[in-house]
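work_15.txt, holding compact mmCIF, C-alpha atoms:
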# COMPACT_ATOMS: atom_id res chain seq x y z
CA MET A 1 53.54 24.02 76.22
CA ASN A 2 56.33 21.72 77.38
CA HIS A 3 59.70 22.19 75.73
CA VAL A 4 61.77 19.17 74.89
CA TYR A 5 65.08 21.03 74.89
CA ARG A 6 66.37 23.82 77.00
CA SER A 7 66.79 27.00 75.06
CA LYS A 8 70.25 27.56 73.65
CA PRO A 9 72.20 30.80 73.65
CA ASP A 10 72.07 32.66 70.37
CA ALA A 11 75.52 32.42 68.82
CA LEU A 12 74.97 35.45 66.64
CA GLU A 13 73.87 37.53 69.58
CA ASP A 14 76.90 36.35 71.51
CA LEU A 15 79.34 37.14 68.75
CA PHE A 16 77.88 40.22 67.17
CA GLY A 17 75.44 41.64 69.66
CA ARG A 18 72.64 41.31 67.15
CA GLY A 19 70.56 38.53 65.71
CA ARG A 20 70.97 39.23 62.01
CA VAL A 21 74.36 39.90 60.57
CA VAL A 22 76.12 40.33 57.27
CA VAL A 23 79.46 38.58 56.98
CA GLY A 24 81.81 39.51 54.16
CA VAL A 25 83.98 36.82 52.66
CA VAL A 26 87.64 37.56 52.03
CA HIS A 27 88.67 35.25 49.21
CA LEU A 28 92.33 34.45 49.30
CA PRO A 29 94.03 33.82 45.96
CA ALA A 30 95.82 30.56 45.29
CA LEU A 31 98.05 29.71 48.24
CA PRO A 32 101.24 27.64 48.34
CA GLY A 33 100.44 24.00 47.81
CA SER A 34 97.53 24.60 45.49
CA PRO A 35 97.61 24.10 41.71
CA GLY A 36 97.01 27.75 40.97
CA TYR A 37 99.82 29.14 43.10
CA HIS A 38 102.53 30.76 41.03
CA GLY A 39 104.85 32.14 43.65
CA SER A 40 103.09 35.24 44.90
CA ALA A 41 104.91 36.78 47.85
CA ILE A 42 103.26 36.07 51.17
CA ASP A 43 103.37 39.77 52.01
CA ALA A 44 101.36 40.50 48.87
CA LEU A 45 98.76 37.93 49.91
CA VAL A 46 98.53 39.53 53.35
CA ASP A 47 98.21 43.03 51.94
CA ALA A 48 95.46 42.05 49.50
CA ALA A 49 93.47 40.28 52.22
CA LEU A 50 93.79 43.20 54.61
CA GLU A 51 92.69 45.65 51.95
CA ASP A 52 89.59 43.58 51.27
CA ALA A 53 88.90 43.47 55.00
CA ARG A 54 89.22 47.24 55.32
CA ARG A 55 86.84 47.79 52.44
CA TYR A 56 84.28 45.48 53.98
CA ALA A 57 84.67 47.20 57.32
CA ARG A 58 84.32 50.69 55.89
CA GLY A 59 81.26 49.50 53.99
CA GLY A 60 79.63 48.52 57.27
CA VAL A 61 79.50 44.71 57.35
CA HIS A 62 79.21 43.10 60.77
CA GLY A 63 81.85 40.40 60.43
CA LEU A 64 84.39 38.79 58.17
CA ILE A 65 85.31 35.31 57.16
CA VAL A 66 88.47 34.44 55.28
CA GLU A 67 88.73 31.39 53.09
CA ASN A 68 91.21 29.84 50.69
CA HIS A 69 88.92 30.09 47.73
CA GLY A 70 91.79 30.39 45.26
CA ASP A 71 92.91 26.87 46.09
CA ILE A 72 90.19 25.41 43.91
CA PRO A 73 89.96 22.52 43.13
CA PHE A 74 89.89 22.03 46.87
CA ALA A 75 91.71 19.28 48.66
CA LYS A 76 89.78 16.92 50.87
CA PRO A 77 90.44 17.37 54.59
CA ASP A 78 92.93 14.52 54.85
CA ASP A 79 94.81 15.86 51.84
CA LEU A 80 95.10 19.47 53.00
CA GLY A 81 98.75 20.28 53.37
CA PRO A 82 100.43 22.01 56.29
CA GLU A 83 101.41 24.90 54.02
CA THR A 84 97.77 25.94 53.70
CA ALA A 85 97.36 26.28 57.44
CA ALA A 86 100.74 27.94 57.84
CA VAL A 87 100.11 30.63 55.25
CA MET A 88 96.57 31.30 56.39
CA ALA A 89 97.77 31.72 59.95
CA VAL A 90 100.24 34.35 58.79
CA ILE A 91 97.53 36.11 56.79
CA VAL A 92 95.01 36.33 59.64
CA ARG A 93 97.60 37.08 62.30
CA PRO A 94 97.51 40.92 62.09
CA ARG A 95 95.20 42.21 64.79
CA PRO A 96 93.13 45.37 64.74
CA PRO A 97 94.10 47.98 67.31
CA ARG A 98 90.45 48.41 68.24
CA GLY A 99 87.06 48.23 66.67
CA GLY A 100 87.94 45.17 64.64
CA LEU A 101 85.30 42.86 63.30
CA PRO A 102 84.75 39.26 64.35
CA LEU A 103 86.78 37.10 62.01
CA GLY A 104 85.98 33.55 60.97
CA ILE A 105 88.28 31.12 59.24
CA ASN A 106 87.08 28.65 56.65
CA VAL A 107 89.50 26.15 55.14
CA LEU A 108 88.18 24.62 51.97
CA ALA A 109 87.12 22.01 51.72
CA ASN A 110 85.77 20.90 55.09
CA GLY A 111 89.06 21.65 56.86
CA ALA A 112 87.59 22.31 60.28
CA ARG A 113 90.65 21.07 62.14
CA HIS A 114 92.93 23.18 59.97
CA ALA A 115 90.74 26.19 60.67
CA LEU A 116 91.07 25.61 64.40
CA ALA A 117 94.82 25.24 64.06
CA ILE A 118 95.04 28.50 62.13
CA ALA A 119 92.97 30.33 64.70
CA GLN A 120 95.12 28.95 67.49
CA ALA A 121 98.39 29.84 65.78
CA ALA A 122 97.17 33.32 64.86
CA GLY A 123 95.96 34.05 68.36
CA ARG A 124 92.35 34.16 67.30
CA ALA A 125 91.07 31.01 68.94
CA SER A 126 88.40 32.29 71.24
CA CYS A 127 85.82 29.64 70.57
CA GLY A 128 82.78 29.96 72.74
CA SER A 129 83.52 33.56 73.57
CA THR A 130 80.52 35.59 74.43
CA SER A 131 81.96 39.05 74.14
CA GLY A 132 80.59 41.02 71.26
CA ARG A 133 83.66 42.13 69.36
CA THR A 134 86.03 39.34 70.15
CA PRO A 135 87.56 37.64 67.14
CA THR A 136 86.56 34.03 66.91
CA SER A 137 87.55 30.90 65.10
CA ARG A 138 84.58 29.44 63.44
CA THR A 139 84.02 27.64 60.23
CA ARG A 140 80.94 28.37 58.22
CA ALA A 141 77.92 26.57 59.54
CA SER A 142 76.62 23.58 57.74
CA SER A 143 73.79 24.31 55.38
CA ARG A 144 72.38 20.81 55.47
CA GLY A 145 70.70 21.31 58.78
CA ARG A 146 71.33 17.82 60.06
CA ARG A 147 73.52 16.83 62.90
CA ARG A 148 77.12 16.03 62.07
CA ARG A 149 79.78 14.21 63.95
CA ARG A 150 81.76 16.58 66.11
CA PRO A 151 85.35 17.09 65.08
CA ALA A 152 87.91 15.62 67.42
CA THR A 153 88.76 18.89 69.07
CA GLY A 154 90.47 17.10 71.90
CA ARG A 155 93.08 15.80 69.49
CA GLY A 156 93.35 19.04 67.62
CA CYS A 157 94.30 22.50 68.75
CA ALA A 158 91.21 23.45 70.68
CA PRO A 159 91.25 22.52 74.32
CA ARG A 160 88.68 20.11 75.62
CA GLY A 161 85.71 21.81 77.12
CA SER A 162 86.34 25.00 75.20
CA GLY A 163 82.84 24.85 73.82
CA CYS A 164 84.14 25.05 70.30
CA SER A 165 82.41 22.59 68.05
CA PRO A 166 82.40 24.03 64.57
CA THR A 167 80.79 22.33 61.66
CA SER A 168 82.32 22.35 58.24
CA THR A 169 81.16 23.77 55.01
CA SER A 170 79.45 21.36 52.72
CA SER A 171 81.09 22.21 49.45
CA THR A 172 79.89 21.20 46.04
CA ALA A 173 83.07 22.45 44.43
CA PRO A 174 85.39 19.92 42.81
CA THR A 175 88.01 18.46 45.09
CA ARG A 176 91.43 17.10 44.37
CA SER A 177 93.92 14.80 45.91
CA ARG A 178 97.46 15.93 46.50
CA PRO A 179 99.86 14.53 43.91
CA THR A 180 101.71 11.42 44.93
CA GLU A 181 105.23 10.43 44.09
CA ALA A 182 105.88 8.77 40.76
CA GLY A 183 105.29 5.08 41.03
CA ARG A 184 103.11 5.52 44.09
CA ALA A 185 100.01 6.66 42.29
CA ASP A 186 97.95 4.05 44.05
CA ALA A 187 99.39 4.82 47.45
CA ARG A 188 97.92 7.10 50.04
CA PRO A 189 99.11 10.69 49.65
CA ARG A 190 101.93 11.58 51.98
CA VAL A 191 100.56 14.17 54.33
CA LEU A 192 101.30 15.04 57.88
CA ARG A 193 98.99 13.31 60.28
CA ARG A 194 98.70 13.59 63.99
CA GLY A 195 99.08 10.47 66.04
CA ARG A 196 100.46 8.30 63.30
CA GLY A 197 104.07 7.66 64.03
CA ASP A 198 106.61 5.40 62.50
CA ARG A 199 105.34 2.44 64.40
CA HIS A 200 102.57 2.19 61.82
CA ARG A 201 104.93 2.26 58.87
CA PRO A 202 106.75 -0.67 57.31
CA ALA A 203 110.37 -0.81 58.43
CA ASP A 204 111.67 0.21 55.01
CA ARG A 205 109.55 3.36 54.96
CA ARG A 206 110.31 4.74 58.37
CA ARG A 207 111.60 8.25 58.45
CA ARG A 208 115.12 8.73 59.57
CA ARG A 209 116.03 12.06 61.03
CA PRO A 210 119.69 12.88 60.60
CA ARG A 211 121.47 14.23 63.63
CA ARG A 212 122.52 17.79 63.19
CA ALA A 213 125.94 18.77 64.32
CA GLY A 214 125.62 21.50 66.87
CA GLY A 215 121.86 21.29 66.78
CA ARG A 216 119.92 22.92 69.54
CA ALA A 217 118.52 20.97 72.39
CA ARG A 218 114.83 20.48 72.71
CA GLY A 219 113.23 23.49 74.28
CA ASP A 220 115.91 25.94 73.26
CA ALA A 221 114.78 29.01 71.42
CA PRO A 222 115.33 28.86 67.67
CA ALA A 223 118.11 30.88 66.22
CA ALA A 224 117.07 34.44 65.52
CA ALA A 225 116.50 35.24 61.87
CA GLY A 226 116.61 38.92 61.11
CA GLY A 227 114.43 38.66 58.04
CA GLN A 228 111.74 36.72 59.84
CA ARG A 229 111.72 39.13 62.74
CA ARG A 230 111.29 42.08 60.44
CA HIS A 231 108.54 40.30 58.57
CA ALA A 232 106.68 39.48 61.75
CA GLY A 233 106.89 43.08 62.84
CA ASP A 234 105.62 44.30 59.51
CA VAL A 235 102.66 41.98 59.62
CA ALA A 236 101.81 42.87 63.20
CA ALA A 237 101.64 46.52 62.25
CA ARG A 238 98.75 45.83 59.93
CA SER A 239 95.29 44.91 61.01
CA TRP A 240 92.12 43.10 60.05
CA GLY A 241 88.77 44.71 59.64
CA SER A 242 89.42 47.95 61.41
CA ARG A 243 87.27 50.75 60.14
CA THR A 244 89.89 53.24 61.15
CA ALA A 245 92.82 51.50 59.46
CA VAL B 246 73.94 36.24 55.59
CA ILE B 247 77.32 35.48 54.11
CA VAL B 248 78.06 37.52 51.02
CA ALA B 249 81.02 37.31 48.74
CA SER B 250 81.26 37.63 44.97
CA ALA B 251 78.38 40.06 44.65
CA LEU B 252 80.37 42.62 46.63
CA LYS B 253 83.50 42.29 44.54
CA GLU B 254 84.33 44.59 41.67
CA ASP B 255 82.31 43.48 38.65
CA GLY B 256 80.89 40.70 40.80
CA VAL B 257 83.88 38.45 40.21
CA TRP B 258 85.28 36.68 43.25
CA TRP B 259 88.95 37.15 42.50
CA ASN B 260 88.59 40.91 42.14
CA PRO B 261 89.05 43.22 45.13
CA VAL B 262 86.10 44.07 47.31
CA SER B 263 84.12 47.02 45.97
CA GLU B 264 83.54 49.37 48.86
CA ALA B 265 80.79 51.10 46.90
CA ARG B 266 78.95 47.81 46.48
CA VAL B 267 79.34 47.04 50.16
CA ARG B 268 78.01 50.43 51.19
CA ALA B 269 75.05 50.15 48.82
CA PHE B 270 74.24 46.68 50.10
CA MET B 271 74.51 47.65 53.74
CA GLU B 272 72.33 50.70 53.21
CA VAL B 273 69.59 48.37 52.01
CA VAL B 274 70.25 46.00 54.90
CA ASP B 275 70.13 48.75 57.51
CA ALA B 276 66.95 50.14 56.04
CA THR B 277 65.29 46.74 55.97
CA VAL B 278 66.54 44.80 58.96
CA PRO B 279 65.84 46.24 62.41
File written out as structure tokens:
Amino acid sequence: MNHVYRSKPDALEDLFGRGRVVVGVVHLPALPGSPGYHGSAIDALVDAALEDARRYARGGVHGLIVENHGDIPFAKPDDLGPETAAVMAVIVRPRPPRGGLPLGINVLANGARHALAIAQAAGRASCGSTSGRTPTSRTRASSRGRRRRRPATGRGCAPRGSGCSPTSTSSTAPTRSRPTEAGRADARPRVLRRGRGDRHRPADRRRRRPRRAGGRARGDAPAAAGGQRRHAGDVAARSWGSRTA
Amino acid sequence: VIVASALKEDGVWWNPVSEARVRAFMEVVDATVP
């Protein structure tokens, strides 16, 4: 029999060392920027997620995936705010000392580029890795089974040629648009976008950045903040999905 | 297989993960899947 396509490597075998796996979902509660968020401390969000991960790991699952399920109704990809990615990066940043489980990141809804950014920021972007226990950034595979347009990884955080071409979750959950300013209800939501500078804005809407007296030059290290340093150390001391933690 | 709510306490997604449910599920998996 002649084959039309060359055989492909088995992603599950590559990631988990086995062909059939059970992946436990860590549901994050409402995060900053979502309608349900009521000011929970970030440390509390981290602790809850890590405890769920430990329970999954002790129970024997093969991998984990974390998702912002509490943000329902989910924003569409273009409306996802930077705060979602920032907080999720902090939550998934803690690394297991050893024996950790592969960890996926799923940003609802369909936030593949955000997921890649989170993985990159959290030091978990090892797309295309073939080592068994290496954490990976991967959004949940599409359930539709048809080919989708590849995300523009070259413009995002993943380097070109990294082999990382995740597909996004097809969600049937309700979605929302981020609130707009009063009087601009019909305008596009104001969200951060890559590659869209002021040259595309009308002159009266261009952002003006005030000069800061004594501001640091580009490339200088930011001023040390004791609280942030302590927080980073606290988070680093905790770990994801370690059966021994 | 991606599992979520069924392994939470009382089967509700916003509850913490139930380690007992996970263990019970994985025992069935390990006994069934080579």
**Message:** Near chain B, meaning an atom within 9 Å, which residues of chain A appear when counting only C-alpha atoms? Write them as a ChimeraX atom specification.
**Reply:** /A:20-29,48-49,51-61,64-65,69-70,140
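Interatomic distance, atom CA of Ala119 of chain A against atom CA of Val92 of chain A: 8.1 Å.
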**Which residue of A:Asp47, A:Gly63, A:Met88, A:Gly33 approaches Ala75 of chain A most closely, using only C-alpha atoms** = A:Gly33
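You will find atom CA of Asn110 of chain A at 5.9 Å from atom CA of Pro77 of chain A.
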**Message:** Would you compute the distance between atom CA of Asn106 of chain A and atom CA of Glu13 of chain A? Give it in Å to one decimal.
**Reply:**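 These two atoms are separated by 20.5 Å.
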Could you rebuild segment 246-257 of chain B with all heavy atoms and give it back as an mmCIF file, keeping the file's coordinate frame?
data_model
loop_
_atom_site.group_PDB
_atom_site.id
_atom_site.type_symbol
_atom_site.label_atom_id
_atom_site.label_comp_id
_atom_site.auth_asym_id
_atom_site.auth_seq_id
_atom_site.Cartn_x
_atom_site.Cartn_y
_atom_site.Cartn_z
ATOM 1 N N VAL B 246 73.715 36.339 57.028
ATOM 2 C CA VAL B 246 73.940 36.240 55.590
ATOM 3 C C VAL B 246 75.425 36.336 55.319
ATOM 4 O O VAL B 246 76.103 37.207 55.871
ATOM 5 C CB VAL B 246 73.218 37.382 54.838
ATOM 6 C CG1 VAL B 246 73.530 37.319 53.359
ATOM 7 C CG2 VAL B 246 71.723 37.298 55.078
ATOM 8 N N ILE B 247 75.916 35.434 54.515
ATOM 9 C CA ILE B 247 77.320 35.480 54.110
ATOM 10 C C ILE B 247 77.358 35.895 52.646
ATOM 11 O O ILE B 247 76.766 35.238 51.801
ATOM 12 C CB ILE B 247 77.996 34.112 54.299
ATOM 13 C CG1 ILE B 247 77.992 33.743 55.780
ATOM 14 C CG2 ILE B 247 79.414 34.142 53.758
ATOM 15 C CD1 ILE B 247 78.548 32.377 56.067
ATOM 16 N N VAL B 248 78.012 36.998 52.385
ATOM 17 C CA VAL B 248 78.060 37.520 51.020
ATOM 18 C C VAL B 248 79.506 37.567 50.557
ATOM 19 O O VAL B 248 80.423 37.784 51.333
ATOM 20 C CB VAL B 248 77.449 38.935 50.934
ATOM 21 C CG1 VAL B 248 75.952 38.872 51.069
ATOM 22 C CG2 VAL B 248 78.044 39.842 51.974
ATOM 23 N N ALA B 249 79.662 37.388 49.250
ATOM 24 C CA ALA B 249 81.020 37.310 48.740
ATOM 25 C C ALA B 249 81.118 37.948 47.368
ATOM 26 O O ALA B 249 81.282 39.155 47.248
ATOM 27 C CB ALA B 249 81.475 35.858 48.717
ATOM 28 N N SER B 250 80.978 37.151 46.322
ATOM 29 C CA SER B 250 81.260 37.630 44.970
ATOM 30 C C SER B 250 80.448 38.862 44.580
ATOM 31 O O SER B 250 80.949 39.735 43.870
ATOM 32 C CB SER B 250 80.990 36.508 43.958
ATOM 33 O OG SER B 250 81.738 35.366 44.273
ATOM 34 N N ALA B 251 79.232 38.941 45.050
ATOM 35 C CA ALA B 251 78.380 40.060 44.650
ATOM 36 C C ALA B 251 78.943 41.399 45.116
ATOM 37 O O ALA B 251 78.585 42.450 44.566
ATOM 38 C CB ALA B 251 76.972 39.877 45.216
ATOM 39 N N LEU B 252 79.807 41.373 46.116
ATOM 40 C CA LEU B 252 80.370 42.620 46.630
ATOM 41 C C LEU B 252 81.778 42.874 46.100
ATOM 42 O O LEU B 252 82.462 43.786 46.551
ATOM 43 C CB LEU B 252 80.383 42.596 48.162
ATOM 44 C CG LEU B 252 79.011 42.408 48.810
ATOM 45 C CD1 LEU B 252 79.119 42.509 50.324
ATOM 46 C CD2 LEU B 252 78.001 43.425 48.280
ATOM 47 N N LYS B 253 82.199 42.052 45.167
ATOM 48 C CA LYS B 253 83.500 42.290 44.540
ATOM 49 C C LYS B 253 83.328 43.175 43.311
ATOM 50 O O LYS B 253 82.217 43.292 42.772
ATOM 51 C CB LYS B 253 84.141 40.953 44.124
ATOM 52 C CG LYS B 253 84.341 39.959 45.257
ATOM 53 C CD LYS B 253 85.257 40.514 46.315
ATOM 54 C CE LYS B 253 85.569 39.493 47.389
ATOM 55 N NZ LYS B 253 86.429 38.423 46.930
ATOM 56 N N GLU B 254 84.400 43.766 42.874
ATOM 57 C CA GLU B 254 84.330 44.590 41.670
ATOM 58 C C GLU B 254 83.901 43.725 40.496
ATOM 59 O O GLU B 254 84.446 42.623 40.285
ATOM 60 C CB GLU B 254 85.694 45.230 41.398
ATOM 61 C CG GLU B 254 86.058 46.277 42.449
ATOM 62 C CD GLU B 254 87.434 46.866 42.251
ATOM 63 O OE1 GLU B 254 88.126 46.440 41.302
ATOM 64 O OE2 GLU B 254 87.827 47.720 43.058
ATOM 65 N N ASP B 255 82.909 44.198 39.791
ATOM 66 C CA ASP B 255 82.310 43.480 38.650
ATOM 67 C C ASP B 255 81.671 42.166 39.069
ATOM 68 O O ASP B 255 81.344 41.334 38.215
ATOM 69 C CB ASP B 255 83.352 43.213 37.549
ATOM 70 C CG ASP B 255 83.954 44.502 37.001
ATOM 71 O OD1 ASP B 255 83.207 45.502 36.914
ATOM 72 O OD2 ASP B 255 85.156 44.509 36.685
ATOM 73 N N GLY B 256 81.527 41.923 40.345
ATOM 74 C CA GLY B 256 80.890 40.700 40.800
ATOM 75 C C GLY B 256 81.701 39.448 40.593
ATOM 76 O O GLY B 256 81.156 38.342 40.601
ATOM 77 N N VAL B 257 82.997 39.596 40.456
ATOM 78 C CA VAL B 257 83.880 38.450 40.210
ATOM 79 C C VAL B 257 84.695 38.185 41.468
ATOM 80 O O VAL B 257 85.326 39.114 42.003
ATOM 81 C CB VAL B 257 84.820 38.708 39.022
ATOM 82 C CG1 VAL B 257 85.728 37.506 38.786
ATOM 83 C CG2 VAL B 257 84.021 39.020 37.777
#
